[in-house]
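Undergrad: Supplied in structure tokens, the structure appears directly below.
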Amino acid sequence: MRLGCCFGGAALHTLKLAALASPSSFPPSRSVLAPLLCSPRAALRFSPLARALSSAPAVQPAAPASSKDATKVTSDGPREFSAAMFFVAKPQWNASIDFKWIRDNKDAVATNIRNRNSNADLELVLELYAKMLDLQKEVERLRGERNVVANKMKGKLEPSERQKLIEEGKNLKEGLVTLEEDLLRLTDELQQEAQCIPNMTHPDVPIGDEDCSTVRTTVGSPREFSFPIKDHLQLGKELDLFDFDAAAKVSGSKFYYLKNEAVMLEMALTNWTVSEVIKRGFIPLITPEIVRSSVVEKCGFQPRGENTQVYSIEGSDQCLVGTAEIPVGGIHMDSILADSQLPLKYVAFSHCFRTEAGAAGTASRGLYRVHQFSKVEMFVLCRPEESDSYHEELIRIEEELFSLLGLHFKTLDMATADLGAPAYRKFDVEAWMPGLGRYGEISSASNCTDYQSRRLGIRYRPSEPPSSTTPKKGKGNVPTQFVHTLNATACAVPRMIVCILENYQQEDGSVKIPEPLRPFMGGLEQISPKSQ
Amino acid sequence: MRLGCCFGGAALHTLKLAALASPSSFPPSRSVLAPLLCSPRAALRFSPLARALSSAPAVQPAAPASSKDATKATSDGPLAKPQWNASIDFKWIRDNKDAVATNIRNRNSNADLELVLELYAKMLDLQKEVERLRGERNVVANKMKGKLEPSERQKLIEEGKNLKEGLVTLEEDLLRLTDELQQEAQCIPNMTHPDVPIGDEDCSTVRTTVGSPREFSFPIKDHLQLGKELDLFDFDAAAKVSGSKFYYLKNEAVMLEMALTNWTVSEVIKRGFIPLITPEIVRSSVVEKCGFQPRGENTQVYSIEGSDQCLVGTAEIPVGGIHMDSILADSQLPLKYVAFSHCFRTEAGAAGTASRGLYRVHQFSKVEMFVLCRPEESDSYHEELIRIEEELFSLLGLHFKTLDMATADLGAPAYRKFDVEAWMPGLGRYGEISSASNCTDYQSRRLGIRYRPSEPPSSTTPKKGKGNVPTQFVHTLNATACAVPRMIVCILENYQQEDGSVMIPEPLRPFMGGLERITPKSQ
């Protein structure tokens with residue numbers, strides 16, 4: 001189930017937003033600056049060209065056939081030249097990608113790209129990188145020559161000699177300007193191409209498609225029912241817990257009102273979850289739900305394009321968050337943390353908004369897949385050597401929470417082809433949903449190592465040099481390193497409501513409330529049919 | 001403090017979203033179909049023109065100077081056609097012309113009553129003329145059914161053709177006129193409760209005062225300083241990630257928000273309200289029907305790119321929409337809802353000292369009460385709503401006063417509005433923390449929410465058959481139960497202690513795992 005190039009590796013049914021994987025499946029034979037029209041990232045690719053054009057004052061955008069077409073051009077970007085494109089086109093930020101490491105580990109990176117079903121074009125990246133290095137050398141050489149000429153001119157000279165030097169200097173300068181522009185263009189293109197390379201993969205991750213994912217743990221077993229069971233939609237209808245019809249009129253399909261006990265259930269779920277995770281040493285947060293598009297991109301999501309999962313705000317560079325991972329990832333953006341601050345463990349509550357473009361079918365019934373939902377998300381920033389163990393801690397917390405709620409679930413080590421670009425390793429939790437008659441994803445825990453921190457610019461200064469590297473530049477300042485980031489769902493409310501309704505339904509049509517939630521619902525023990 | 005025409009009567013500092021009041025301050029001498037270019041509603045006014053153009057296949061839109069302009073043209077284009085009609089009682093307006101005119105003046109509205117009446121008269125004339133022509137056309141058609149001389153038939157065919165052409169033109173005019181009448185009349189504000197003080201905001205009268213400002217024996221801090229020292233929010237990170245006036249709540253502030261919303265919803269449920277969690281993305285038309293202006297330069301509303309959807313500025317909008325376009329049974333009324341949602345506002349044009357810290361922000365959590373009831377009951381539910389607010393804020397131990405807001409401070413939908421202003425010692429002033437409005441049938445006429453009385457109201461004598469009682473528009477009311485950030489301001493500033501800690505109000509403690517106070521972290 002591939003939707004456009006940018007959602008390469010990530011299956012759409014995942015609770016995590018599909019993260020950008022790679023831009024296109026074009027053959028590597030394409031020329032360096034050829035526009036890739038069908039790529040959702042084409043707008044970015046155009047950047048050097050667009051910049052060149054925008055500096056030419058006489059350029060006239062082609063008159064659109066109708067104003068409707070004009071809009072399309074603007075929002076889709078690159079098909080035709082348009083003023084808006086020039087704004088979209090310029091890359092807004094650079095990821096600190098370790099090109100040298102990629103070059104030196106070419107085979108491992110190539111294998112990884114293949115295993116992850118990514119369309120990243122490693123050959124092109126290496127080619128661009130080599131060209132960039134050459135161009136850098138050439139620019140350095142010309143700068144040197146220019147300096148030599150400039151120094152010569154400081155002395156006393158024959159007028160003809162001086163004239164010659166002036167000529168020479170002018171030529172050098174002109175050549176430099178051209179080369180520097182080329183370098184800028186090349187750097188931009190390298191950046192765009194390299195951003196498509198997915199994170200490396202943990203050696204224990206099973207290689208292959210989703211069905212290669214391995215089960216780590218199984219907790220409980222499917223409940224046996226002695227009566228005909230209902231799915232959450234029917235239960236919700238009979239107990240008057242949600243209203244999809246009114247929401248379809250007011251907002252659109254896949255929106256909903258929660259009603260009556262479902263409201264208290266949501267509040268109890270979030271309040272209980274946050275309280276439980278705080279007990280485990282996490283800092284609670286309530287986050288902004290509108291963020292700059294650049295932060296969305298830096299977390300590895302694609303805020304634009306035809307199949308984007310992201311709602312954008314009209315007339316601004318802002319988006320709605322699809323997960324609190326984005327605003328929490330952004331808190332320490334562009335900063336250097338002290339070693340003593342790490343690890344930073346956050347538990348964040350937010351509403352999440354997703355277009356769910358392209359999602360349809362039976363897996364989308366009722367509350368299972370919706371445009372807006374409440375979620376409690378854990379997020380950890382830590383030292384690189386600790387991220388594997390925090391990944392284990394996060395999945396353990398998830399397992400504890402879902403066990404306390406009495407759910408039957410299994411934990412999976414997700415196979416390479418099912419990983420989004422940022423994830424180094426991902427554990428999913430799938431719970432039994434008897435009404436739907438299948439396991440459904442209720443949470444996910446990812447170790448993103450330095451993929452996000454290299455984009456968000458989050459470093460730390462180790463208190464002492466890690467043993468592996470010998471500090472050469474002076475004994476004083478230890479060099480900074482990128483932190484590792486991890487994220488994990490503690491509670492995605494609608495899917496938890498699905499689980500609770502379907503697993504805790506009683507023969508009389510009522511639904512029991514799991515014990516831990518009762519204190520957060522004024523002691524309510526069960527949801528009973530309203531007497532009309 | 002006027003910001004553009006559409007926010008005429010509503011001061012921007014109100015917690016309620018400014019509701020649309022009237023479109024322009026143009027002199028009434030304007031010609032009927034003249035485009036009002038500077039009006040934020042101009043796009044809508046243009047509708048007849050746009051429709052006329054769109055039916056002419058050869059019409060070529062003027063080539064836009066740049067694609068940015070083109071985009072603007074396109075996005076304005078589909079907007080031009082009015083998406084919905086309010087069931088406005090034009091006859092009542094005409095028959096109560098003086099009262100309506102006085103009301104428009106009292107509310108500082110720019111609605112153009114003369115124009116509305118002029119358009120209405122024209123429309124009635126045109127309707128008559130259309131009827132007359134239709135009649136003539138029918139006469140001609142009937143004549144042609146008989147046996148006729150060829151010359152006579154030819155004459156009738158001619159005549160019929162002329163009549164038909166005339167009719168098409170007139171019907172187009174009628175459509176255009178109806179649209180314009182609708183747009184102009186939508187700007188007329190609701191009528192006003194006779195007890196509402198007439199005048200500007202400072203004419204608002206105090207209904208109740210509860211408590212008195214707490215006396216402090218130590219130098220007090222404002223909520224920003226307290227929040228910083230107690231590590232409760234982060235505006236700086238939010239400014240980088242999202243923009244100014246966004247924030248992260250942190251540590252105990254998170255639990256405080258959850259406790260506030262959970263406690264408030266529980267309290268209001270006890271009073272017989274149905275709890276809801278609502279969509280926060282809604283169609284623009286629903287926003288408009290609730291009396292808000294989703295477009296225009298100074299709109300408070302965030303729009304979703306590439307769709308006709310907006311973010312809600314208040315749960316009043318999605319709750320108002322639940323029963324849109326439906327007829328309720330008498331037995332269903334009153335419907336009392338208590339809704340939790342996040343609210344999003346651009347706060348365009350809001351600046352200055354009143355905007356410090358959590359006082360005015362782009363996103364916040366709010367618990368909102370909403371009532372749909374029979375017309376004769378709305379005054380008493382208005383009293384019930386303000387009483388609930390007063391109870392809640394008293395339980396939290398706040399000092400506040402309740403105001404009956406003056407005419408010029410009412411948004412277009414409100415028939416009457418009670419505001420609650422609480423003492424914020426750190427800010428050193430009273431600040432609005434909630435508001436309760438009776439919108440009578442202003443919103444229900446736009447949202448199309450009627451009910452069928454079980455027996456005819458005594459005032460009207462049913463003439464059309466004895467069977468079906470005619471439907472009536474319900475009345476709607478809305479009232480803030482808890483706007484979280486302002487409650488946090490109140491709690492931090494009023495409950496601060498000399499040692500820098502903040503006590504948690506008793507009722508909230510069970511919702512915060514028994515936490516009694518927020519103490520400075522030991523770093």
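Ligands are numbered from 1 in the order shown, residues from 1 within each chain, and chains are lettered A, B, ... in the order they appear in the structure tokens.
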Please list as a PDB file with N, CA, C and O atoms, in the first residue's frame every residue within 9 Å of Arg292 of chain A, counting only C-alpha atoms and excluding residues in the same chain fewer than 4 positions away.
TA:
```pdb
ATOM      1  N   VAL A 296       7.710  20.215  11.721  1.00  0.00           N
ATOM      2  CA  VAL A 296       7.114  18.963  11.259  1.00  0.00           C
ATOM      3  C   VAL A 296       8.108  18.217  10.371  1.00  0.00           C
ATOM      4  O   VAL A 296       8.361  17.017  10.556  1.00  0.00           O
ATOM      5  N   SER A 316      -0.394  30.774   6.310  1.00  0.00           N
ATOM      6  CA  SER A 316       0.719  30.807   7.255  1.00  0.00           C
ATOM      7  C   SER A 316       1.624  29.615   6.968  1.00  0.00           C
ATOM      8  O   SER A 316       1.324  28.786   6.117  1.00  0.00           O
ATOM      9  N   ASP A 317       2.745  29.538   7.658  1.00  0.00           N
ATOM     10  CA  ASP A 317       3.635  28.382   7.488  1.00  0.00           C
ATOM     11  C   ASP A 317       3.398  27.382   8.604  1.00  0.00           C
ATOM     12  O   ASP A 317       4.275  26.620   8.970  1.00  0.00           O
ATOM     13  N   GLN A 318       2.190  27.374   9.151  1.00  0.00           N
ATOM     14  CA  GLN A 318       1.914  26.511  10.294  1.00  0.00           C
ATOM     15  C   GLN A 318       1.047  25.301   9.933  1.00  0.00           C
ATOM     16  O   GLN A 318       0.300  25.331   8.958  1.00  0.00           O
ATOM     17  N   CYS A 319       1.173  24.269  10.736  1.00  0.00           N
ATOM     18  CA  CYS A 319       0.407  23.035  10.562  1.00  0.00           C
ATOM     19  C   CYS A 319      -0.229  22.636  11.883  1.00  0.00           C
ATOM     20  O   CYS A 319       0.202  23.077  12.941  1.00  0.00           O
ATOM     21  N   LEU A 320      -1.197  21.743  11.793  1.00  0.00           N
ATOM     22  CA  LEU A 320      -1.694  21.075  13.001  1.00  0.00           C
ATOM     23  C   LEU A 320      -0.816  19.859  13.274  1.00  0.00           C
ATOM     24  O   LEU A 320      -0.376  19.193  12.342  1.00  0.00           O
TER      25      LEU A 320
ATOM     26  N   LYS B 240       9.483  29.481  19.375  1.00  0.00           N
ATOM     27  CA  LYS B 240      10.331  28.921  18.318  1.00  0.00           C
ATOM     28  C   LYS B 240       9.577  27.860  17.512  1.00  0.00           C
ATOM     29  O   LYS B 240       9.634  27.826  16.292  1.00  0.00           O
ATOM     30  N   VAL B 241       8.878  27.001  18.205  1.00  0.00           N
ATOM     31  CA  VAL B 241       8.243  25.850  17.553  1.00  0.00           C
ATOM     32  C   VAL B 241       6.964  26.257  16.814  1.00  0.00           C
ATOM     33  O   VAL B 241       6.692  25.775  15.722  1.00  0.00           O
ATOM     34  N   SER B 242       6.200  27.174  17.431  1.00  0.00           N
ATOM     35  CA  SER B 242       4.869  27.477  16.894  1.00  0.00           C
ATOM     36  C   SER B 242       4.692  28.942  16.514  1.00  0.00           C
ATOM     37  O   SER B 242       4.102  29.260  15.493  1.00  0.00           O
ATOM     38  N   GLY B 243       5.155  29.838  17.355  1.00  0.00           N
ATOM     39  CA  GLY B 243       4.945  31.265  17.148  1.00  0.00           C
ATOM     40  C   GLY B 243       4.659  31.915  18.491  1.00  0.00           C
ATOM     41  O   GLY B 243       4.501  31.220  19.500  1.00  0.00           O
TER      42      GLY B 243
END
```
Undergrad: So that I can see what lies close to Gly272 of chain B, please list as a list in words the residues with an atom at most 10 Å from it, counting only C-alpha atoms and leaving out residues fewer than 6 positions away in the same chain.
TA: Leu335, Lys336, Tyr337 and Val338 of chain B
Undergrad: I need the residues from that last selection saved to file as a PDB file, in the first residue's frame (with all heavy atoms), if you can.
TA:
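Okay, part.pdb is ready:
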```pdb
ATOM      1  N   LEU B 335     -32.324  20.925  25.856  1.00  0.00           N
ATOM      2  CA  LEU B 335     -31.122  20.118  25.702  1.00  0.00           C
ATOM      3  C   LEU B 335     -29.981  20.917  26.323  1.00  0.00           C
ATOM      4  O   LEU B 335     -29.682  22.032  25.895  1.00  0.00           O
ATOM      5  CB  LEU B 335     -30.846  19.860  24.218  1.00  0.00           C
ATOM      6  CG  LEU B 335     -31.606  18.703  23.596  1.00  0.00           C
ATOM      7  CD1 LEU B 335     -31.549  18.789  22.073  1.00  0.00           C
ATOM      8  CD2 LEU B 335     -31.030  17.369  24.068  1.00  0.00           C
ATOM      9  N   LYS B 336     -29.376  20.349  27.342  1.00  0.00           N
ATOM     10  CA  LYS B 336     -28.290  21.052  28.024  1.00  0.00           C
ATOM     11  C   LYS B 336     -27.007  20.269  27.822  1.00  0.00           C
ATOM     12  O   LYS B 336     -26.908  19.120  28.248  1.00  0.00           O
ATOM     13  CB  LYS B 336     -28.581  21.144  29.518  1.00  0.00           C
ATOM     14  CG  LYS B 336     -29.861  21.854  29.893  1.00  0.00           C
ATOM     15  CD  LYS B 336     -29.926  21.885  31.412  1.00  0.00           C
ATOM     16  CE  LYS B 336     -31.266  22.347  31.922  1.00  0.00           C
ATOM     17  NZ  LYS B 336     -31.265  22.334  33.406  1.00  0.00           N
ATOM     18  N   TYR B 337     -26.043  20.883  27.193  1.00  0.00           N
ATOM     19  CA  TYR B 337     -24.768  20.219  26.926  1.00  0.00           C
ATOM     20  C   TYR B 337     -23.642  20.902  27.682  1.00  0.00           C
ATOM     21  O   TYR B 337     -23.656  22.123  27.868  1.00  0.00           O
ATOM     22  CB  TYR B 337     -24.440  20.279  25.430  1.00  0.00           C
ATOM     23  CG  TYR B 337     -25.334  19.430  24.562  1.00  0.00           C
ATOM     24  CD1 TYR B 337     -26.259  20.021  23.703  1.00  0.00           C
ATOM     25  CD2 TYR B 337     -25.230  18.044  24.579  1.00  0.00           C
ATOM     26  CE1 TYR B 337     -27.071  19.237  22.882  1.00  0.00           C
ATOM     27  CE2 TYR B 337     -26.042  17.262  23.765  1.00  0.00           C
ATOM     28  CZ  TYR B 337     -26.956  17.858  22.920  1.00  0.00           C
ATOM     29  OH  TYR B 337     -27.748  17.078  22.118  1.00  0.00           O
ATOM     30  N   VAL B 338     -22.664  20.111  28.085  1.00  0.00           N
ATOM     31  CA  VAL B 338     -21.408  20.685  28.579  1.00  0.00           C
ATOM     32  C   VAL B 338     -20.296  20.060  27.737  1.00  0.00           C
ATOM     33  O   VAL B 338     -20.125  18.846  27.710  1.00  0.00           O
ATOM     34  CB  VAL B 338     -21.206  20.445  30.089  1.00  0.00           C
ATOM     35  CG1 VAL B 338     -21.319  18.979  30.474  1.00  0.00           C
ATOM     36  CG2 VAL B 338     -19.869  21.029  30.541  1.00  0.00           C
TER      37      VAL B 338
END
```
Undergrad: What are the nearest atom pairs, with distances in Å to one decimal, for all residues of chain B that come at most 6 Å from chain A, using only C-alpha atoms, set out by chain and rising residue number as a tab-separated table?
TA:
```
residue	atom	partner	partner_atom	distance
B:Ser67	CA	A:Ser82	CA	5.6
B:Ala70	CA	A:Ser67	CA	5.3
B:Thr71	CA	A:Thr71	CA	4.6
B:Thr74	CA	A:Ser67	CA	5.5
B:Ala237	CA	A:Ile331	CA	5.3
B:Val241	CA	A:Val291	CA	5.7
B:Ser242	CA	A:Val291	CA	4.0
B:Tyr248	CA	A:Thr287	CA	4.8
B:Leu249	CA	A:Ile286	CA	4.9
B:Lys250	CA	A:Leu285	CA	4.6
B:Asn251	CA	A:Pro284	CA	5.1
B:Val254	CA	A:Leu285	CA	6.0
B:Ile274	CA	A:Asn260	CA	5.9
B:Pro275	CA	A:Asn260	CA	5.1
B:Leu276	CA	A:Lys259	CA	4.6
B:Ile277	CA	A:Leu258	CA	4.9
B:Thr278	CA	A:Tyr257	CA	4.8
B:Val282	CA	A:Ser251	CA	4.0
B:Arg283	CA	A:Ser251	CA	5.2
B:Ser303	CA	A:Glu314	CA	5.4
B:Ile304	CA	A:Ile313	CA	4.8
B:Glu305	CA	A:Glu314	CA	4.3
B:Gly321	CA	A:Val250	CA	5.8
B:Ile322	CA	A:Ala246	CA	5.3
```
Undergrad: Taking N, CA, C and O atoms for each residue, export the selection above as an mmCIF file, in the first residue's frame.
TA:
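Final output, saved to selection02.cif:
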```cif
data_model
loop_
_atom_site.group_PDB
_atom_site.id
_atom_site.type_symbol
_atom_site.label_atom_id
_atom_site.label_comp_id
_atom_site.auth_asym_id
_atom_site.auth_seq_id
_atom_site.Cartn_x
_atom_site.Cartn_y
_atom_site.Cartn_z
ATOM 1 N N SER B 67 0.705 34.706 -9.816
ATOM 2 C CA SER B 67 -0.101 33.554 -9.394
ATOM 3 C C SER B 67 -0.595 33.730 -7.974
ATOM 4 O O SER B 67 -1.542 33.109 -7.553
ATOM 5 N N ALA B 70 -3.696 35.236 -8.439
ATOM 6 C CA ALA B 70 -4.595 34.233 -9.004
ATOM 7 C C ALA B 70 -5.172 33.361 -7.903
ATOM 8 O O ALA B 70 -6.351 33.059 -7.883
ATOM 9 N N THR B 71 -4.318 32.976 -6.983
ATOM 10 C CA THR B 71 -4.787 32.152 -5.879
ATOM 11 C C THR B 71 -5.875 32.862 -5.112
ATOM 12 O O THR B 71 -6.894 32.312 -4.756
ATOM 13 N N THR B 74 -9.064 32.772 -6.949
ATOM 14 C CA THR B 74 -9.742 31.481 -6.893
ATOM 15 C C THR B 74 -10.366 31.237 -5.532
ATOM 16 O O THR B 74 -11.469 30.755 -5.432
ATOM 17 N N ALA B 237 10.140 28.286 24.184
ATOM 18 C CA ALA B 237 10.214 27.148 23.269
ATOM 19 C C ALA B 237 9.033 27.180 22.308
ATOM 20 O O ALA B 237 9.187 26.942 21.106
ATOM 21 N N VAL B 241 8.878 27.001 18.205
ATOM 22 C CA VAL B 241 8.243 25.850 17.553
ATOM 23 C C VAL B 241 6.964 26.257 16.814
ATOM 24 O O VAL B 241 6.692 25.775 15.722
ATOM 25 N N SER B 242 6.200 27.174 17.431
ATOM 26 C CA SER B 242 4.869 27.477 16.894
ATOM 27 C C SER B 242 4.692 28.942 16.514
ATOM 28 O O SER B 242 4.102 29.260 15.493
ATOM 29 N N TYR B 248 3.771 25.887 26.181
ATOM 30 C CA TYR B 248 3.677 24.540 26.742
ATOM 31 C C TYR B 248 3.254 24.684 28.192
ATOM 32 O O TYR B 248 3.812 25.515 28.910
ATOM 33 N N LEU B 249 2.302 23.900 28.652
ATOM 34 C CA LEU B 249 2.092 23.754 30.082
ATOM 35 C C LEU B 249 3.006 22.628 30.542
ATOM 36 O O LEU B 249 3.216 21.648 29.818
ATOM 37 N N LYS B 250 3.513 22.759 31.771
ATOM 38 C CA LYS B 250 4.557 21.849 32.227
ATOM 39 C C LYS B 250 4.311 21.488 33.684
ATOM 40 O O LYS B 250 3.751 22.284 34.443
ATOM 41 N N ASN B 251 4.753 20.328 34.058
ATOM 42 C CA ASN B 251 4.699 19.891 35.458
ATOM 43 C C ASN B 251 3.297 20.037 36.046
ATOM 44 O O ASN B 251 2.321 19.638 35.411
ATOM 45 N N VAL B 254 0.106 20.990 34.097
ATOM 46 C CA VAL B 254 -0.578 19.970 33.305
ATOM 47 C C VAL B 254 -1.666 19.313 34.149
ATOM 48 O O VAL B 254 -2.819 19.160 33.714
ATOM 49 N N ILE B 274 -25.454 17.149 29.502
ATOM 50 C CA ILE B 274 -24.900 16.009 28.768
ATOM 51 C C ILE B 274 -23.471 16.351 28.348
ATOM 52 O O ILE B 274 -23.266 17.331 27.622
ATOM 53 N N PRO B 275 -22.489 15.563 28.782
ATOM 54 C CA PRO B 275 -21.110 15.907 28.404
ATOM 55 C C PRO B 275 -20.787 15.528 26.963
ATOM 56 O O PRO B 275 -21.272 14.526 26.450
ATOM 57 N N LEU B 276 -19.946 16.349 26.346
ATOM 58 C CA LEU B 276 -19.502 16.133 24.966
ATOM 59 C C LEU B 276 -18.016 16.445 24.854
ATOM 60 O O LEU B 276 -17.514 17.326 25.547
ATOM 61 N N ILE B 277 -17.322 15.717 23.978
ATOM 62 C CA ILE B 277 -16.035 16.187 23.468
ATOM 63 C C ILE B 277 -16.256 16.373 21.978
ATOM 64 O O ILE B 277 -16.761 15.470 21.305
ATOM 65 N N THR B 278 -15.922 17.538 21.458
ATOM 66 C CA THR B 278 -16.386 17.913 20.115
ATOM 67 C C THR B 278 -15.264 17.883 19.083
ATOM 68 O O THR B 278 -14.091 17.956 19.435
ATOM 69 N N VAL B 282 -14.259 22.278 11.861
ATOM 70 C CA VAL B 282 -15.652 22.305 11.403
ATOM 71 C C VAL B 282 -15.734 23.040 10.067
ATOM 72 O O VAL B 282 -14.824 23.770 9.696
ATOM 73 N N ARG B 283 -16.819 22.836 9.365
ATOM 74 C CA ARG B 283 -17.032 23.545 8.101
ATOM 75 C C ARG B 283 -17.213 25.045 8.382
ATOM 76 O O ARG B 283 -17.853 25.427 9.364
ATOM 77 N N SER B 303 -8.130 29.010 9.351
ATOM 78 C CA SER B 303 -8.724 28.163 8.314
ATOM 79 C C SER B 303 -7.752 27.070 7.906
ATOM 80 O O SER B 303 -6.538 27.257 7.947
ATOM 81 N N ILE B 304 -8.311 25.946 7.486
ATOM 82 C CA ILE B 304 -7.503 24.839 6.994
ATOM 83 C C ILE B 304 -7.251 25.045 5.510
ATOM 84 O O ILE B 304 -8.183 25.338 4.755
ATOM 85 N N GLU B 305 -6.005 24.902 5.118
ATOM 86 C CA GLU B 305 -5.624 25.125 3.732
ATOM 87 C C GLU B 305 -6.274 24.090 2.818
ATOM 88 O O GLU B 305 -6.304 22.896 3.152
ATOM 89 N N GLY B 321 -23.859 23.188 16.149
ATOM 90 C CA GLY B 321 -24.087 22.465 14.905
ATOM 91 C C GLY B 321 -24.706 21.090 15.067
ATOM 92 O O GLY B 321 -25.215 20.527 14.091
ATOM 93 N N ILE B 322 -24.680 20.527 16.272
ATOM 94 C CA ILE B 322 -25.155 19.143 16.448
ATOM 95 C C ILE B 322 -26.574 18.944 15.898
ATOM 96 O O ILE B 322 -26.868 17.954 15.240
#
```
Undergrad: Which residues come within 8 Å of Met405 of chain B, counting only C-alpha atoms, excluding same-chain residues fewer than 2 positions away, as JSON, numbers by chain?
TA: {"B": [196, 197, 201, 203, 204, 205, 403, 407, 409, 410, 416, 417, 418, 419]}
Undergrad: Where does DSSP see strand (DSSP E) in segment 345-464 of chain A, if you list the residues as a PyMOL selection string?
TA: chain A and resi 345-353+372-382+409-413+425-433+438-447+458-461
Undergrad: What lies within 10 Å of Leu342 of chain A using only C-alpha atoms, ignoring chain neighbours under 6 positions off, as a ChimeraX atom specification?
TA: /A:380-383,460,462,483
Undergrad: Those residues you just picked out, can you put them in a file as a PDB file, in the first residue's frame with N, CA, C and O atoms?
TA:
```
ATOM      1  N   VAL A 380      11.651  10.790  24.804  1.00  0.00           N
ATOM      2  CA  VAL A 380      12.896  10.773  25.583  1.00  0.00           C
ATOM      3  C   VAL A 380      14.032  11.346  24.747  1.00  0.00           C
ATOM      4  O   VAL A 380      14.154  11.034  23.557  1.00  0.00           O
ATOM      5  N   LEU A 381      14.835  12.212  25.357  1.00  0.00           N
ATOM      6  CA  LEU A 381      16.099  12.649  24.769  1.00  0.00           C
ATOM      7  C   LEU A 381      17.204  12.109  25.673  1.00  0.00           C
ATOM      8  O   LEU A 381      17.175  12.343  26.891  1.00  0.00           O
ATOM      9  N   CYS A 382      18.156  11.407  25.076  1.00  0.00           N
ATOM     10  CA  CYS A 382      19.179  10.766  25.916  1.00  0.00           C
ATOM     11  C   CYS A 382      20.522  10.698  25.200  1.00  0.00           C
ATOM     12  O   CYS A 382      20.631  11.022  24.016  1.00  0.00           O
ATOM     13  N   ARG A 383      21.523  10.250  25.951  1.00  0.00           N
ATOM     14  CA  ARG A 383      22.842  10.032  25.361  1.00  0.00           C
ATOM     15  C   ARG A 383      22.757   8.857  24.389  1.00  0.00           C
ATOM     16  O   ARG A 383      21.988   7.915  24.606  1.00  0.00           O
ATOM     17  N   TYR A 460      24.285  17.683  22.844  1.00  0.00           N
ATOM     18  CA  TYR A 460      24.650  17.812  24.259  1.00  0.00           C
ATOM     19  C   TYR A 460      26.160  17.773  24.345  1.00  0.00           C
ATOM     20  O   TYR A 460      26.851  17.336  23.416  1.00  0.00           O
ATOM     21  N   PRO A 462      29.016  16.102  26.309  1.00  0.00           N
ATOM     22  CA  PRO A 462      29.329  15.067  27.288  1.00  0.00           C
ATOM     23  C   PRO A 462      30.230  15.635  28.385  1.00  0.00           C
ATOM     24  O   PRO A 462      31.080  16.485  28.109  1.00  0.00           O
ATOM     25  N   VAL A 483      21.997  14.242  20.487  1.00  0.00           N
ATOM     26  CA  VAL A 483      21.299  13.347  21.410  1.00  0.00           C
ATOM     27  C   VAL A 483      20.536  12.301  20.587  1.00  0.00           C
ATOM     28  O   VAL A 483      20.408  12.427  19.368  1.00  0.00           O
TER      29      VAL A 483
END
```
Undergrad: Using DSSP secondary structure from the backbone, list all alpha helix (DSSP H) positions within segment 120-308 of chain A, as a count of residues only.
TA: 106
Undergrad: When you draw a straight line from atom CA of Ser87 of chain B to atom CA of Ala315 of chain B, how long is it in Å?
TA: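 Straight-line distance from atom CA of Ser87 of chain B to atom CA of Ala315 of chain B works out to 23.2 Å.
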Undergrad: I want to know what sits within 12 Å of Gly514 of chain B, based on only C-alpha atoms, with residues of the same chain fewer than 6 positions away left out; could you give that as a PyMOL selection string?
TA: (chain A and resi 275) or (chain B and resi 255-256+259+503-508)
Undergrad: So, counting only C-alpha atoms, which residue among B:Phe400, B:Ala422, B:Glu493, B:Arg374 is closest to His475 of chain B?
TA: B:Arg374
Undergrad: Which polymer residues have any atom within 8 Å of an atom of Gln191 of chain A, counting only C-alpha atoms, with same-chain residues fewer than 2 positions away left out, as a list of chain:residue names?
TA: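 The neighbour list is A:Asn94, A:Ala95, A:Ile97, A:Thr187, A:Asp188, A:Glu189, A:Glu193, A:Ala194, A:Gln195.
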Undergrad: For a quick check of understanding, using only C-alpha atoms, which of A:Arg143, A:Lys170, A:Arg114, A:Arg185 has the smallest distance to Leu128 of chain A?
TA: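 Ranking A:Arg143, A:Lys170, A:Arg114, A:Arg185 by distance to Leu128 of chain A, first place goes to A:Arg185.
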Undergrad: Give me, as an MDAnalysis selection string, all polymer residues having an atom no more than 7 Å from segment 477-480 of chain B, counting only C-alpha atoms and skipping those fewer than 3 positions away in the same chain.
TA: chainID B and resid 316 367:372 382 385 434:439 483
Undergrad: So which one's closest to Glu229 of chain B, B:Gln496, B:Trp263, B:Gln83, B:Cys310? Using only C-alpha atoms, please.
TA: B:Gln496
Undergrad: I'd like the interatomic distance between atom CA of Ile198 of chain B and atom CA of Asp98 of chain B, to a tenth of an Å.
TA: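 That distance, rounded to one decimal, is 16.2 Å.
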